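One file, target21.txt, is given below (compact mmCIF, C-alpha atoms).
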```txt
# COMPACT_ATOMS: atom_id res chain seq x y z
CA MET A 1 -6.17 -106.49 1.57
CA GLY A 2 -4.47 -109.52 0.02
CA THR A 3 -2.63 -110.87 -2.96
CA ALA A 4 -4.19 -112.66 -5.91
CA PRO A 5 -3.62 -116.43 -6.12
CA ALA A 6 -1.99 -117.75 -9.26
CA ALA A 7 -4.26 -119.44 -11.78
CA GLU A 8 -3.76 -123.21 -11.89
CA SER A 9 -3.33 -123.30 -15.66
CA VAL A 10 -0.71 -120.55 -15.84
CA PRO A 11 2.78 -120.62 -14.30
CA ALA A 12 2.89 -118.42 -11.19
CA ALA A 13 5.72 -116.32 -12.61
CA ASP A 14 3.57 -115.37 -15.61
CA VAL A 15 0.55 -114.19 -13.62
CA PRO A 16 0.44 -110.42 -13.06
CA GLN A 17 0.58 -109.75 -9.33
CA PRO A 18 -0.94 -106.65 -7.72
CA ALA A 19 1.54 -104.03 -6.60
CA PRO A 20 1.60 -103.30 -2.86
CA GLY A 21 -1.50 -101.37 -1.90
CA ALA A 22 -3.06 -101.76 -5.32
CA THR A 23 -6.22 -103.51 -6.39
CA PRO A 24 -5.53 -106.54 -8.60
CA PRO A 25 -5.29 -105.90 -12.35
CA ARG A 26 -7.68 -107.33 -14.95
CA THR A 27 -10.52 -107.65 -12.45
CA PRO A 28 -13.68 -106.02 -13.85
CA LEU A 29 -14.74 -102.97 -11.88
CA ILE A 30 -18.22 -104.40 -11.40
CA ALA A 31 -16.68 -107.46 -9.73
CA ARG A 32 -14.58 -105.29 -7.45
CA ALA A 33 -17.60 -103.16 -6.55
CA ALA A 34 -19.58 -106.31 -5.75
CA ALA A 35 -16.73 -107.60 -3.60
CA GLU A 36 -16.59 -104.33 -1.66
CA LEU A 37 -20.37 -104.30 -1.19
CA VAL A 38 -20.60 -107.93 -0.11
CA GLY A 39 -17.48 -107.74 2.05
CA THR A 40 -18.59 -104.60 3.88
CA ALA A 41 -22.10 -106.01 4.33
CA ALA A 42 -20.70 -109.22 5.78
CA LEU A 43 -18.35 -107.29 8.08
CA VAL A 44 -21.17 -105.16 9.50
CA ALA A 45 -23.44 -108.20 9.82
CA ILE A 46 -20.69 -109.88 11.85
CA VAL A 47 -20.17 -106.84 14.09
CA VAL A 48 -23.86 -106.15 14.67
CA GLY A 49 -24.99 -109.78 14.78
CA SER A 50 -22.34 -110.87 17.27
CA GLY A 51 -23.24 -107.87 19.41
CA ILE A 52 -26.90 -108.87 19.47
CA GLN A 53 -26.00 -112.48 20.21
CA ALA A 54 -23.66 -111.48 23.01
CA THR A 55 -26.23 -109.29 24.76
CA SER A 56 -28.77 -112.11 24.60
CA LEU A 57 -26.37 -114.55 26.25
CA THR A 58 -24.87 -112.47 29.05
CA LYS A 59 -25.39 -109.22 30.93
CA ASP A 60 -21.67 -108.85 31.58
CA VAL A 61 -20.52 -105.97 29.35
CA GLY A 62 -16.95 -107.23 29.36
CA LEU A 63 -18.01 -110.62 28.04
CA GLN A 64 -20.24 -108.93 25.49
CA LEU A 65 -17.31 -106.93 24.15
CA LEU A 66 -15.09 -110.03 24.19
CA ALA A 67 -17.62 -111.97 22.11
CA ASN A 68 -18.12 -109.05 19.74
CA SER A 69 -14.40 -108.47 19.20
CA THR A 70 -13.60 -112.18 18.80
CA ALA A 71 -16.25 -112.65 16.10
CA THR A 72 -15.00 -109.54 14.33
CA VAL A 73 -11.37 -110.74 14.33
CA PHE A 74 -12.18 -114.11 12.79
CA GLY A 75 -14.77 -112.74 10.37
CA LEU A 76 -12.60 -109.89 9.13
CA GLY A 77 -9.60 -112.16 8.60
CA VAL A 78 -11.67 -114.56 6.51
CA LEU A 79 -13.19 -111.74 4.42
CA ILE A 80 -9.79 -110.20 3.66
CA ALA A 81 -8.36 -113.58 2.67
CA LEU A 82 -11.36 -114.34 0.45
CA LEU A 83 -11.98 -110.99 -1.25
CA GLY A 84 -8.52 -109.44 -1.18
CA PRO A 85 -7.58 -110.97 -4.54
CA VAL A 86 -10.70 -109.44 -6.11
CA SER A 87 -10.92 -105.87 -4.82
CA GLY A 88 -8.09 -105.44 -2.35
CA ALA A 89 -10.63 -105.97 0.47
CA HIS A 90 -10.79 -102.35 1.55
CA PHE A 91 -14.31 -102.45 3.06
CA ASN A 92 -13.47 -98.96 4.29
CA PRO A 93 -13.66 -95.54 2.60
CA ALA A 94 -10.71 -94.33 4.69
CA VAL A 95 -8.51 -97.07 3.20
CA THR A 96 -9.81 -96.41 -0.32
CA LEU A 97 -9.23 -92.66 0.00
CA ALA A 98 -5.73 -93.25 1.37
CA GLU A 99 -4.90 -95.54 -1.53
CA TRP A 100 -6.30 -93.03 -4.03
CA TRP A 101 -4.14 -90.31 -2.47
CA THR A 102 -0.99 -92.39 -2.68
CA ALA A 103 -1.81 -93.21 -6.32
CA ARG A 104 -2.16 -89.50 -7.10
CA ARG A 105 1.33 -88.95 -5.72
CA GLY A 106 2.91 -91.54 -7.96
CA GLY A 107 2.06 -94.72 -6.10
CA THR A 108 -0.15 -97.58 -7.20
CA GLY A 109 -3.81 -97.78 -6.30
CA VAL A 110 -7.36 -96.88 -7.19
CA ILE A 111 -8.05 -94.02 -9.59
CA ALA A 112 -10.82 -91.44 -9.22
CA ARG A 113 -13.35 -93.48 -11.21
CA GLU A 114 -12.75 -96.52 -9.02
CA LEU A 115 -12.91 -94.38 -5.88
CA ALA A 116 -16.33 -93.13 -7.00
CA VAL A 117 -17.52 -96.76 -7.26
CA TYR A 118 -15.83 -98.24 -4.19
CA VAL A 119 -17.05 -95.75 -1.57
CA PRO A 120 -20.80 -95.91 -2.40
CA SER A 121 -20.54 -99.71 -2.59
CA GLN A 122 -19.00 -99.81 0.87
CA ILE A 123 -21.64 -97.51 2.36
CA VAL A 124 -24.57 -99.38 0.79
CA GLY A 125 -23.03 -102.67 1.87
CA ALA A 126 -22.65 -101.46 5.45
CA ILE A 127 -26.31 -100.45 5.64
CA MET A 128 -27.38 -103.77 4.13
CA GLY A 129 -25.25 -105.64 6.67
CA ALA A 130 -26.88 -103.87 9.62
CA VAL A 131 -30.37 -104.56 8.24
CA LEU A 132 -29.46 -108.21 7.63
CA ALA A 133 -28.18 -108.67 11.18
CA ASP A 134 -31.34 -107.13 12.61
CA ALA A 135 -33.47 -109.41 10.43
CA MET A 136 -31.59 -112.55 11.55
CA PHE A 137 -32.21 -111.76 15.21
CA GLY A 138 -35.80 -110.56 14.88
CA GLU A 139 -34.98 -106.92 15.55
CA PRO A 140 -36.68 -104.05 13.71
CA LEU A 141 -35.05 -103.93 10.28
CA VAL A 142 -34.23 -100.23 10.63
CA LYS A 143 -34.26 -98.54 14.00
CA TRP A 144 -31.97 -95.58 14.55
CA SER A 145 -29.48 -96.20 17.30
CA THR A 146 -29.81 -94.28 20.55
CA HIS A 147 -26.22 -95.06 21.60
CA ASP A 148 -24.63 -91.63 21.93
CA ARG A 149 -20.89 -91.63 21.19
CA SER A 150 -20.19 -87.91 21.01
CA ALA A 151 -17.70 -87.53 23.89
CA GLY A 152 -14.35 -85.99 22.99
CA ASN A 153 -12.34 -88.92 24.35
CA LEU A 154 -14.21 -91.27 22.01
CA LEU A 155 -13.36 -89.05 19.05
CA LEU A 156 -9.70 -89.14 20.05
CA GLY A 157 -9.99 -92.92 20.21
CA GLU A 158 -11.22 -92.96 16.62
CA VAL A 159 -8.29 -90.85 15.45
CA VAL A 160 -5.90 -93.31 17.09
CA ALA A 161 -7.74 -96.39 15.80
CA THR A 162 -7.90 -95.18 12.20
CA ALA A 163 -4.36 -93.83 12.16
CA GLY A 164 -3.10 -97.18 13.40
CA LEU A 165 -5.08 -99.09 10.79
CA ILE A 166 -3.78 -96.96 7.90
CA PHE A 167 -0.25 -97.09 9.30
CA LEU A 168 -0.47 -100.88 9.44
CA ILE A 169 -1.91 -101.46 5.96
CA PHE A 170 0.34 -99.05 4.10
CA GLY A 171 3.33 -100.00 6.21
CA LEU A 172 2.80 -103.61 5.12
CA ALA A 173 2.57 -102.37 1.53
CA ARG A 174 5.79 -100.35 1.80
CA THR A 175 7.66 -103.38 3.15
CA ASP A 176 6.11 -105.86 0.68
CA ARG A 177 4.33 -107.82 3.42
CA LEU A 178 0.70 -107.50 2.35
CA ARG A 179 0.46 -111.28 2.36
CA PHE A 180 0.17 -110.96 6.13
CA ALA A 181 -2.78 -108.55 5.89
CA PRO A 182 -5.59 -111.01 6.78
CA VAL A 183 -3.96 -111.88 10.09
CA ALA A 184 -2.36 -108.50 10.81
CA VAL A 185 -5.37 -106.30 10.07
CA ALA A 186 -7.83 -108.57 11.87
CA SER A 187 -5.50 -108.80 14.87
CA TYR A 188 -5.08 -105.03 15.01
CA ILE A 189 -8.83 -104.41 14.92
CA GLY A 190 -9.35 -107.00 17.65
CA ALA A 191 -6.74 -105.33 19.83
CA ALA A 192 -8.10 -101.85 19.09
CA TYR A 193 -11.54 -102.91 20.34
CA TRP A 194 -9.90 -103.01 23.74
CA PHE A 195 -7.21 -100.34 23.78
CA THR A 196 -9.23 -97.49 22.23
CA SER A 197 -12.02 -95.69 24.07
CA SER A 198 -14.31 -95.86 21.02
CA THR A 199 -13.91 -99.66 20.51
CA SER A 200 -12.33 -98.91 17.14
CA PHE A 201 -14.91 -98.28 14.45
CA ALA A 202 -12.05 -96.90 12.27
CA ASN A 203 -14.31 -97.02 9.20
CA PRO A 204 -16.74 -94.36 7.90
CA ALA A 205 -18.92 -96.89 6.05
CA VAL A 206 -19.23 -99.18 9.07
CA THR A 207 -20.01 -96.15 11.22
CA ILE A 208 -22.87 -95.16 8.93
CA GLY A 209 -24.19 -98.72 8.80
CA ARG A 210 -24.16 -99.09 12.59
CA ALA A 211 -26.41 -96.06 12.93
CA PHE A 212 -29.24 -98.16 11.44
CA THR A 213 -29.43 -100.58 14.37
CA ASP A 214 -30.42 -99.80 17.94
CA THR A 215 -28.40 -102.66 19.39
CA PHE A 216 -25.11 -103.23 21.19
CA ALA A 217 -22.95 -102.12 18.25
CA GLY A 218 -25.07 -99.11 17.27
CA ILE A 219 -24.13 -95.45 17.14
CA ALA A 220 -26.59 -92.59 17.30
CA PRO A 221 -26.98 -90.79 13.94
CA ALA A 222 -26.06 -87.50 15.62
CA SER A 223 -22.68 -88.99 16.55
CA VAL A 224 -21.89 -90.22 13.03
CA PRO A 225 -20.63 -86.98 11.36
CA ALA A 226 -18.01 -86.30 14.03
CA PHE A 227 -16.87 -89.93 13.95
CA VAL A 228 -16.45 -89.84 10.18
CA VAL A 229 -14.51 -86.56 10.31
CA VAL A 230 -12.04 -87.77 12.93
CA GLN A 231 -11.63 -91.08 11.08
CA LEU A 232 -10.54 -89.13 8.00
CA VAL A 233 -8.20 -87.11 10.20
CA GLY A 234 -6.82 -90.39 11.51
CA ALA A 235 -6.25 -91.58 7.93
CA VAL A 236 -4.17 -88.47 7.23
CA VAL A 237 -2.17 -89.04 10.41
CA GLY A 238 -1.62 -92.68 9.44
CA LEU A 239 -0.32 -91.75 5.98
CA ALA A 240 1.99 -89.17 7.53
CA LEU A 241 3.39 -91.82 9.87
CA VAL A 242 3.98 -94.15 6.93
CA ALA A 243 5.84 -91.40 5.07
CA VAL A 244 8.12 -90.74 8.03
CA VAL A 245 8.69 -94.23 9.42
CA PHE A 246 9.03 -95.99 6.07
CA MET A 247 10.89 -93.18 4.36
CA ARG A 248 12.75 -94.44 1.32
CA GLY A 249 16.45 -93.63 1.43
CA LYS A 250 18.29 -91.99 -1.44
CA PRO A 251 21.25 -93.82 -2.97
CA ASP A 252 24.69 -92.35 -2.33
CA ALA A 253 25.94 -90.12 -5.11
CA GLY A 254 29.04 -92.24 -5.60
CA THR A 255 27.24 -95.58 -5.62
CA PRO A 256 26.77 -97.01 -9.11
CA SER A 257 23.26 -98.12 -9.90
CA ALA A 258 22.57 -101.79 -10.54
```
Spit out the file's structure as structure tokens when you get a sec.
Amino acid sequence: MGTAPAAESVPAADVPQPAPGATPPRTPLIARAAAELVGTAALVAIVVGSGIQATSLTKDVGLQLLANSTATVFGLGVLIALLGPVSGAHFNPAVTLAEWWTARRGGTGVIARELAVYVPSQIVGAIMGAVLADAMFGEPLVKWSTHDRSAGNLLLGEVVATAGLIFLIFGLARTDRLRFAPVAVASYIGAAYWFTSSTSFANPAVTIGRAFTDTFAGIAPASVPAFVVVQLVGAVVGLALVAVVFMRGKPDAGTPSA
């Protein structure tokens, strides 16, 4: 998620700026959908492709994960900086759903019609990204992953990873610091690769896309539904944490308003 740059021909003060957590105004929905599709595809291609590359270069699993997480950090940061001004750079149905929920409760964000466009775009993009990565490395274009990730501790890891991601994004929005999103979100995901048992998928669309590749970053299709469910649970937990930690205070009764 990012902020829209000011147009060169218009004074910065006159350019409408997106509200925290909101997608930029005046951007055609088709452009935002394209940005979400391309951004999610690129993200999954980075995750899957770097995983394939890592396993071809070393047999050390620790080094493989280091290479995979490093590529993801840099790639995600670039994608958020590039596409944030267009669509908000969600690349994640959990983020889009959380923003829609906050908008329903009086906040600013995507409406139902935009939600219905964003989420399918993200899922299709994720699948395309996995297929593209497989094609680049000469793997079968579609081969269901055999990497089982159904253990309960991995599901708990996904709750933690997703809750932390939502807490970070919407916490930045509440404190008017979304300009730091490219660095902050990418850094969090890089860290969560290592401190969560699941290596931090934290994204239903990416989870679905990674089921299409039987490589280092894959996830068995049978493990996908549970991952998606706990990611949505994590999103709820994250929003609850935002509501508590960044609770807006009420002005004193005797204090005159400005």
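Distances here use all atoms listed in the file; by that measure, the residue among A:Thr108, A:Thr102, A:Thr213, A:Thr40 closest to Ser121 of chain A is A:Thr40.
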- [ ] Would you mind telling me which residue in A:Leu97, A:Gly75, A:Ile80, A:Gly125 lies nearest to Ala112 of chain A when using all atoms listed in the file?
- [x]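 Result for the nearest residue to Ala112 of chain A: A:Leu97.
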Open item on the list: For a test of reading the model, state the distance in Å between atom CA of Ser150 of chain A and atom CA of Val229 of chain A, rounded to one decimal.
Closed with: 12.2 Å
Open item on the list: Show me, as a ChimeraX atom specification, the residues that have an atom within 9 Å of Leu168 of chain A when counting only C-alpha atoms, minus same-chain residues fewer than 2 positions from it.
Closed with: /A:163-166,170-173,181,184-185,188,238,242
Output file for the selection above: C-alpha atoms, as a short mmCIF file (atom, residue, chain, number, x, y, z; two decimals), in the coordinates of the input:
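New file part.cif:
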```
data_model
loop_
_atom_site.label_atom_id
_atom_site.label_comp_id
_atom_site.auth_asym_id
_atom_site.auth_seq_id
_atom_site.Cartn_x
_atom_site.Cartn_y
_atom_site.Cartn_z
CA ALA A 163 -4.36 -93.83 12.16
CA GLY A 164 -3.10 -97.18 13.40
CA LEU A 165 -5.08 -99.09 10.79
CA ILE A 166 -3.78 -96.96 7.90
CA PHE A 170 0.34 -99.05 4.10
CA GLY A 171 3.33 -100.00 6.21
CA LEU A 172 2.80 -103.61 5.12
CA ALA A 173 2.57 -102.37 1.53
CA ALA A 181 -2.78 -108.55 5.89
CA ALA A 184 -2.36 -108.50 10.81
CA VAL A 185 -5.37 -106.30 10.07
CA TYR A 188 -5.08 -105.03 15.01
CA GLY A 238 -1.62 -92.68 9.44
CA VAL A 242 3.98 -94.15 6.93
#
```
TODO: Tell me, as a list in words, which residues lie within 9 Å of Thr96 of chain A, counting all atoms listed in the file; anything in the same chain fewer than 6 positions away does not count.
DONE: His90, Gly109, Val110, Leu115, Tyr118 and Val119 of chain A
- [ ] Mind giving me the straight-line distance from atom CA of Phe91 of chain A to atom CA of Leu141 of chain A in Å, one decimal?
- [x] 22.0 Å
Open item on the list: One number please: atom CA of Val95 of chain A to atom CA of Arg113 of chain A, in Å, one decimal.
Closed with: 15.6 Å
Task: Closest of A:Ala89, A:Ile52, A:Ala192, A:Leu57 to Arg32 of chain A - atom-to-atom distances counting all atoms listed in the file - done: A:Ala89
Open item on the list: Taking 4 positions as the minimum chain separation for residues in the same chain, which residues sit within 10 Å of Asp134 of chain A when counting only C-alpha atoms? Answer as an NGL selection string.
Closed with: :A and (45 or 48-49 or 52 or 128-130 or 138-143 or 212-215)
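Minimum distance to Gly218 of chain A across A:Arg248, A:Arg149, A:Arg104, A:Arg174 (counting all atoms listed in the file) occurs at A:Arg149.
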Report, as lines of an AutoDock Vina configuration file, the axis-aligned box around all atoms of segment 147-163 of chain A present in the file, extended by 5 Å on each side; give centre and edge lengths in Å to one decimal place.
```
center_x = -15.3
center_y = -91.2
center_z = 18.3
size_x = 31.9
size_y = 20.4
size_z = 22.2
```
Task: From A:Ala103, A:Ala116, A:Ala222, A:Val86, residue lying nearest His147 of chain A [all atoms listed in the file] - done: A:Ala222
TODO: Quick one: everything within 12 Å of Ser50 of chain A, counting all atoms listed in the file, minus sequence neighbours fewer than 2 positions away in the same chain. Send it as JSON, numbers by chain.
DONE: {"A": [42, 43, 44, 45, 46, 47, 48, 52, 53, 54, 55, 56, 57, 63, 64, 65, 66, 67, 68, 69, 70, 71, 72, 73, 74, 75, 130, 133, 134, 136, 137, 215, 216, 217]}
Open item on the list: Just checking: using only C-alpha atoms, which residue out of A:Thr146, A:Thr58, A:Gln231, A:Thr175 ends up closest to Val206 of chain A?
Closed with: A:Gln231
- [ ] Within 6 Å of (-24.0, -92.2, 11.6) (coordinates as in the file), grab all the protein and nucleic acid residues, counting all atoms listed in the file, and write them out as a PyMOL selection string.
- [x] chain A and resi 207-208+211+221+224
With all heavy atoms as the target, complete segment 85-96 of chain A and hand it back as an mmCIF file, in the coordinates of the input.
```cif
data_model
loop_
_atom_site.group_PDB
_atom_site.id
_atom_site.type_symbol
_atom_site.label_atom_id
_atom_site.label_comp_id
_atom_site.auth_asym_id
_atom_site.auth_seq_id
_atom_site.Cartn_x
_atom_site.Cartn_y
_atom_site.Cartn_z
ATOM 1 N N PRO A 85 -8.017 -110.813 -3.157
ATOM 2 C CA PRO A 85 -7.580 -110.970 -4.540
ATOM 3 C C PRO A 85 -8.523 -110.341 -5.569
ATOM 4 O O PRO A 85 -8.133 -110.165 -6.724
ATOM 5 C CB PRO A 85 -7.541 -112.504 -4.718
ATOM 6 C CG PRO A 85 -7.368 -113.043 -3.343
ATOM 7 C CD PRO A 85 -8.151 -112.117 -2.470
ATOM 8 N N VAL A 86 -9.740 -110.027 -5.174
ATOM 9 C CA VAL A 86 -10.700 -109.440 -6.110
ATOM 10 C C VAL A 86 -10.633 -107.919 -6.098
ATOM 11 O O VAL A 86 -10.432 -107.275 -7.127
ATOM 12 C CB VAL A 86 -12.142 -109.902 -5.791
ATOM 13 C CG1 VAL A 86 -13.139 -109.277 -6.777
ATOM 14 C CG2 VAL A 86 -12.238 -111.411 -5.823
ATOM 15 N N SER A 87 -10.803 -107.329 -4.903
ATOM 16 C CA SER A 87 -10.920 -105.870 -4.820
ATOM 17 C C SER A 87 -9.841 -105.206 -3.983
ATOM 18 O O SER A 87 -9.769 -103.981 -3.924
ATOM 19 C CB SER A 87 -12.285 -105.500 -4.226
ATOM 20 O OG SER A 87 -12.345 -105.889 -2.859
ATOM 21 N N GLY A 88 -9.010 -106.007 -3.322
ATOM 22 C CA GLY A 88 -8.090 -105.440 -2.350
ATOM 23 C C GLY A 88 -8.662 -105.472 -0.957
ATOM 24 O O GLY A 88 -7.973 -105.159 0.009
ATOM 25 N N ALA A 89 -9.965 -105.837 -0.828
ATOM 26 C CA ALA A 89 -10.630 -105.970 0.470
ATOM 27 C C ALA A 89 -10.470 -104.730 1.336
ATOM 28 O O ALA A 89 -10.041 -104.796 2.483
ATOM 29 C CB ALA A 89 -10.114 -107.215 1.205
ATOM 30 N N HIS A 90 -10.831 -103.581 0.767
ATOM 31 C CA HIS A 90 -10.790 -102.350 1.550
ATOM 32 C C HIS A 90 -11.872 -102.349 2.622
ATOM 33 O O HIS A 90 -11.607 -102.133 3.796
ATOM 34 C CB HIS A 90 -10.980 -101.133 0.650
ATOM 35 C CG HIS A 90 -9.897 -100.931 -0.351
ATOM 36 N ND1 HIS A 90 -9.836 -99.826 -1.160
ATOM 37 C CD2 HIS A 90 -8.823 -101.693 -0.691
ATOM 38 C CE1 HIS A 90 -8.784 -99.908 -1.950
ATOM 39 N NE2 HIS A 90 -8.161 -101.048 -1.695
ATOM 40 N N PHE A 91 -13.132 -102.493 2.186
ATOM 41 C CA PHE A 91 -14.310 -102.450 3.060
ATOM 42 C C PHE A 91 -14.354 -101.167 3.893
ATOM 43 O O PHE A 91 -15.012 -101.135 4.945
ATOM 44 C CB PHE A 91 -14.350 -103.656 4.018
ATOM 45 C CG PHE A 91 -14.082 -104.987 3.399
ATOM 46 C CD1 PHE A 91 -13.399 -105.962 4.119
ATOM 47 C CD2 PHE A 91 -14.497 -105.279 2.102
ATOM 48 C CE1 PHE A 91 -13.144 -107.206 3.553
ATOM 49 C CE2 PHE A 91 -14.246 -106.523 1.528
ATOM 50 C CZ PHE A 91 -13.565 -107.482 2.249
ATOM 51 N N ASN A 92 -13.689 -100.128 3.437
ATOM 52 C CA ASN A 92 -13.470 -98.960 4.290
ATOM 53 C C ASN A 92 -13.125 -97.748 3.429
ATOM 54 O O ASN A 92 -12.059 -97.738 2.789
ATOM 55 C CB ASN A 92 -12.319 -99.271 5.257
ATOM 56 C CG ASN A 92 -12.108 -98.214 6.309
ATOM 57 O OD1 ASN A 92 -12.468 -97.061 6.139
ATOM 58 N ND2 ASN A 92 -11.491 -98.607 7.407
ATOM 59 N N PRO A 93 -13.975 -96.719 3.400
ATOM 60 C CA PRO A 93 -13.660 -95.540 2.600
ATOM 61 C C PRO A 93 -12.348 -94.866 2.991
ATOM 62 O O PRO A 93 -11.685 -94.263 2.138
ATOM 63 C CB PRO A 93 -14.852 -94.608 2.865
ATOM 64 C CG PRO A 93 -15.978 -95.534 3.205
ATOM 65 C CD PRO A 93 -15.325 -96.646 3.985
ATOM 66 N N ALA A 94 -11.969 -94.951 4.267
ATOM 67 C CA ALA A 94 -10.710 -94.330 4.690
ATOM 68 C C ALA A 94 -9.528 -95.008 4.007
ATOM 69 O O ALA A 94 -8.575 -94.347 3.572
ATOM 70 C CB ALA A 94 -10.565 -94.411 6.209
ATOM 71 N N VAL A 95 -9.576 -96.335 3.879
ATOM 72 C CA VAL A 95 -8.510 -97.070 3.200
ATOM 73 C C VAL A 95 -8.517 -96.743 1.710
ATOM 74 O O VAL A 95 -7.471 -96.519 1.100
ATOM 75 C CB VAL A 95 -8.684 -98.586 3.419
ATOM 76 C CG1 VAL A 95 -7.683 -99.368 2.577
ATOM 77 C CG2 VAL A 95 -8.515 -98.935 4.896
ATOM 78 N N THR A 96 -9.706 -96.702 1.114
ATOM 79 C CA THR A 96 -9.810 -96.410 -0.320
ATOM 80 C C THR A 96 -9.305 -94.996 -0.615
ATOM 81 O O THR A 96 -8.563 -94.782 -1.587
ATOM 82 C CB THR A 96 -11.261 -96.552 -0.787
ATOM 83 O OG1 THR A 96 -11.724 -97.879 -0.480
ATOM 84 C CG2 THR A 96 -11.377 -96.333 -2.287
#
```
